[in-house]
Amino acid sequence: MSSPPAPPAVPTPLSDADYQRETQALLARVEAQADRWLQDDVIDIDTHRTGGLLELSLPNGSKLIINTQPPLQEVWLAARGGGFHFKWGGGAWRDTRDGGEFLAVLSQHASLQAGKPLQF
């Protein structure tokens with residue numbers, strides 16, 4: 001029996017410099033993990049990064065798109081399962097609707113789209 005989702009964390013405003021640092025670290029972490037999977041022959045995943053936008057292309061032609069939104073201090077995720085907005089709160093990027101942590105949500109949707117477990 002699973003517990004109910006955590007309530008959304010109260011967003012913590014960041015300075016512009018902190019927002020840039022946190023979002024660049026997040027994108028770099030996701031990109032590095034995808035590169036490791038490609039190198040280790042886990043999955044044929046391609047990454048394409050332009051500024052604050054990171055596109056992950058999976059073998060079946062589906063994509064996951066991560067986009068930073070500096071004016072809103074958000075990170076957005078577009079997946080087959082929907083669009084998600086994340087704000088910084090409680091030391092992590094949290095879904096503005098249900099409080100889900102960004103990397104957990106990304107892992108869930110990447111796994112669904114790839115047809116195999118992928119953990120960021």
# chains A, B, ... in the order shown; residues from 1 in each chain; ligands from 1
>>> closest_atom_pairs(of="stretch 12-46 of chain A", to="stretch 80-100 of chain A", cutoff="9 Å", atoms="only C-alpha atoms", output="tab-separated table")
residue	atom	partner	partner_atom	distance
A:Thr12	CA	A:Gly89	CA	4.9
A:Pro13	CA	A:Trp88	CA	7.2
A:Leu14	CA	A:Trp88	CA	7.8
A:Tyr19	CA	A:Trp88	CA	8.6
A:Glu22	CA	A:Trp88	CA	8.9
>>> select_by_dssp(residues="chain A", states="strand (DSSP E)", output="VMD selection string")
chain A and resid 46 to 50 53 to 57 63 to 69 74 to 79 82 to 89 92 to 95
>>> write_last_selection(atoms="C-alpha atoms", output="compact mmCIF listing (two decimals), in the first residue's frame")
# COMPACT_ATOMS: atom_id res chain seq x y z
CA ASP A 46 20.42 10.86 -27.69
CA THR A 47 20.68 14.23 -26.00
CA HIS A 48 20.55 17.66 -27.57
CA ARG A 49 21.08 20.73 -25.40
CA THR A 50 20.57 24.32 -26.42
CA LEU A 53 16.58 23.27 -23.12
CA LEU A 54 17.55 19.59 -23.03
CA GLU A 55 15.93 17.12 -25.41
CA LEU A 56 16.20 13.37 -24.78
CA SER A 57 15.39 11.21 -27.83
CA LYS A 63 11.15 12.47 -26.65
CA LEU A 64 11.37 13.99 -23.22
CA ILE A 65 11.98 17.72 -23.17
CA ILE A 66 13.30 19.62 -20.17
CA ASN A 67 13.14 23.39 -20.38
CA THR A 68 14.14 26.06 -17.90
CA GLN A 69 11.83 29.02 -17.41
CA GLU A 74 10.54 26.93 -13.00
CA VAL A 75 11.72 23.83 -14.80
CA TRP A 76 9.28 22.26 -17.23
CA LEU A 77 9.12 18.65 -18.37
CA ALA A 78 7.22 17.55 -21.48
CA ALA A 79 6.61 13.81 -21.81
CA GLY A 82 1.84 15.20 -19.97
CA GLY A 83 3.47 18.47 -19.12
CA PHE A 84 4.84 19.21 -15.67
CA HIS A 85 6.04 22.37 -13.95
CA PHE A 86 8.57 22.30 -11.09
CA LYS A 87 9.57 25.00 -8.61
CA TRP A 88 12.44 24.95 -6.13
CA GLY A 89 11.24 24.04 -2.65
CA ALA A 92 14.64 20.05 -4.64
CA TRP A 93 12.65 20.76 -7.78
CA ARG A 94 9.04 19.90 -6.87
CA ASP A 95 5.98 19.45 -9.10
>>> residues_around(residues="A:Leu38", least_positions_apart="4", cutoff="12 Å", atoms="only C-alpha atoms", output="PDB file with C-alpha atoms, in the first residue's frame")
ATOM      1  CA  GLU A  31      22.681  14.756 -19.628  1.00  0.00           C
ATOM      2  CA  ALA A  32      25.557  12.920 -17.896  1.00  0.00           C
ATOM      3  CA  GLN A  33      23.270  10.015 -16.915  1.00  0.00           C
ATOM      4  CA  ALA A  34      21.960   9.698 -20.473  1.00  0.00           C
ATOM      5  CA  VAL A  42      21.853   0.444 -21.599  1.00  0.00           C
ATOM      6  CA  ILE A  43      19.715   2.363 -24.091  1.00  0.00           C
ATOM      7  CA  ASP A  44      20.315   4.216 -27.343  1.00  0.00           C
ATOM      8  CA  ILE A  45      19.373   7.641 -26.006  1.00  0.00           C
ATOM      9  CA  ASP A  46      20.423  10.858 -27.688  1.00  0.00           C
ATOM     10  CA  THR A  47      20.677  14.232 -26.005  1.00  0.00           C
ATOM     11  CA  LEU A  56      16.195  13.368 -24.782  1.00  0.00           C
ATOM     12  CA  SER A  57      15.389  11.213 -27.829  1.00  0.00           C
ATOM     13  CA  LEU A  58      14.550   7.561 -27.234  1.00  0.00           C
ATOM     14  CA  PRO A  59      14.908   4.668 -29.716  1.00  0.00           C
TER      15      PRO A  59
END
>>> closest_residue(among="A:Asp40, A:Pro70, A:Val30, A:Ala17", to="A:Ala110", atoms="only C-alpha atoms")
A:Val30
>>> atom_distance(atom1="atom CA of A:Gln73", atom2="atom CA of A:Gln119")
24.9 Å
>>> select_by_dssp(residues="chain A", states="alpha helix (DSSP H)", output="PyMOL selection string")
chain A and resi 16-39+102-114
>>> atom_distance(atom1="atom CA of A:Gly115", atom2="atom CA of A:Ala28")
23.7 Å
>>> decode(residues="stretch 21-120 of chain A", atoms="C-alpha atoms", output="compact mmCIF listing (two decimals), in the first residue's frame")
# COMPACT_ATOMS: atom_id res chain seq x y z
CA ARG A 21 23.33 27.34 -10.87
CA GLU A 22 20.60 24.89 -9.81
CA THR A 23 19.08 24.50 -13.27
CA GLN A 24 22.46 24.09 -14.99
CA ALA A 25 23.43 21.43 -12.44
CA LEU A 26 20.13 19.62 -13.01
CA LEU A 27 20.47 19.62 -16.80
CA ALA A 28 24.11 18.51 -16.53
CA ARG A 29 23.14 15.63 -14.24
CA VAL A 30 20.42 14.41 -16.59
CA GLU A 31 22.68 14.76 -19.63
CA ALA A 32 25.56 12.92 -17.90
CA GLN A 33 23.27 10.01 -16.92
CA ALA A 34 21.96 9.70 -20.47
CA ASP A 35 25.55 9.75 -21.78
CA ARG A 36 26.48 6.93 -19.32
CA TRP A 37 23.53 4.82 -20.51
CA LEU A 38 24.59 5.34 -24.11
CA GLN A 39 28.24 4.52 -23.34
CA ASP A 40 27.28 1.41 -21.28
CA ASP A 41 24.83 0.25 -23.99
CA VAL A 42 21.85 0.44 -21.60
CA ILE A 43 19.72 2.36 -24.09
CA ASP A 44 20.32 4.22 -27.34
CA ILE A 45 19.37 7.64 -26.01
CA ASP A 46 20.42 10.86 -27.69
CA THR A 47 20.68 14.23 -26.00
CA HIS A 48 20.55 17.66 -27.57
CA ARG A 49 21.08 20.73 -25.40
CA THR A 50 20.57 24.32 -26.42
CA GLY A 51 20.96 26.77 -23.54
CA GLY A 52 18.30 25.90 -20.97
CA LEU A 53 16.58 23.27 -23.12
CA LEU A 54 17.55 19.59 -23.03
CA GLU A 55 15.93 17.12 -25.41
CA LEU A 56 16.20 13.37 -24.78
CA SER A 57 15.39 11.21 -27.83
CA LEU A 58 14.55 7.56 -27.23
CA PRO A 59 14.91 4.67 -29.72
CA ASN A 60 11.15 4.49 -30.36
CA GLY A 61 11.13 8.09 -31.58
CA SER A 62 9.58 9.53 -28.44
CA LYS A 63 11.15 12.47 -26.65
CA LEU A 64 11.37 13.99 -23.22
CA ILE A 65 11.98 17.72 -23.17
CA ILE A 66 13.30 19.62 -20.17
CA ASN A 67 13.14 23.39 -20.38
CA THR A 68 14.14 26.06 -17.90
CA GLN A 69 11.83 29.02 -17.41
CA PRO A 70 13.92 31.78 -15.76
CA PRO A 71 11.16 34.44 -15.54
CA LEU A 72 9.00 31.99 -13.57
CA GLN A 73 11.92 30.26 -11.80
CA GLU A 74 10.54 26.93 -13.00
CA VAL A 75 11.72 23.83 -14.80
CA TRP A 76 9.28 22.26 -17.23
CA LEU A 77 9.12 18.65 -18.37
CA ALA A 78 7.22 17.55 -21.48
CA ALA A 79 6.61 13.81 -21.81
CA ARG A 80 4.06 11.58 -23.51
CA GLY A 81 2.29 11.43 -20.15
CA GLY A 82 1.84 15.20 -19.97
CA GLY A 83 3.47 18.47 -19.12
CA PHE A 84 4.84 19.21 -15.67
CA HIS A 85 6.04 22.37 -13.95
CA PHE A 86 8.57 22.30 -11.09
CA LYS A 87 9.57 25.00 -8.61
CA TRP A 88 12.44 24.95 -6.13
CA GLY A 89 11.24 24.04 -2.65
CA GLY A 90 12.52 21.96 0.22
CA GLY A 91 15.94 21.63 -1.41
CA ALA A 92 14.64 20.05 -4.64
CA TRP A 93 12.65 20.76 -7.78
CA ARG A 94 9.04 19.90 -6.87
CA ASP A 95 5.98 19.45 -9.10
CA THR A 96 3.68 22.42 -8.58
CA ARG A 97 0.63 20.12 -8.56
CA ASP A 98 1.50 17.12 -6.40
CA GLY A 99 4.95 17.82 -4.94
CA GLY A 100 6.69 15.03 -6.87
CA GLU A 101 10.48 15.40 -7.08
CA PHE A 102 11.79 16.19 -10.58
CA LEU A 103 14.23 13.29 -11.02
CA ALA A 104 11.65 10.78 -9.75
CA VAL A 105 9.03 12.11 -12.18
CA LEU A 106 11.54 12.17 -15.04
CA SER A 107 12.61 8.58 -14.23
CA GLN A 108 8.99 7.41 -14.21
CA HIS A 109 8.18 8.95 -17.60
CA ALA A 110 11.50 7.95 -19.18
CA SER A 111 10.92 4.35 -18.05
CA LEU A 112 7.38 4.34 -19.46
CA GLN A 113 8.49 5.78 -22.78
CA ALA A 114 11.58 3.56 -23.07
CA GLY A 115 9.80 0.38 -22.01
CA LYS A 116 12.55 -0.38 -19.47
CA PRO A 117 13.48 0.92 -16.03
CA LEU A 118 15.59 4.08 -16.17
CA GLN A 119 16.61 5.86 -12.98
CA PHE A 120 18.04 9.36 -13.08
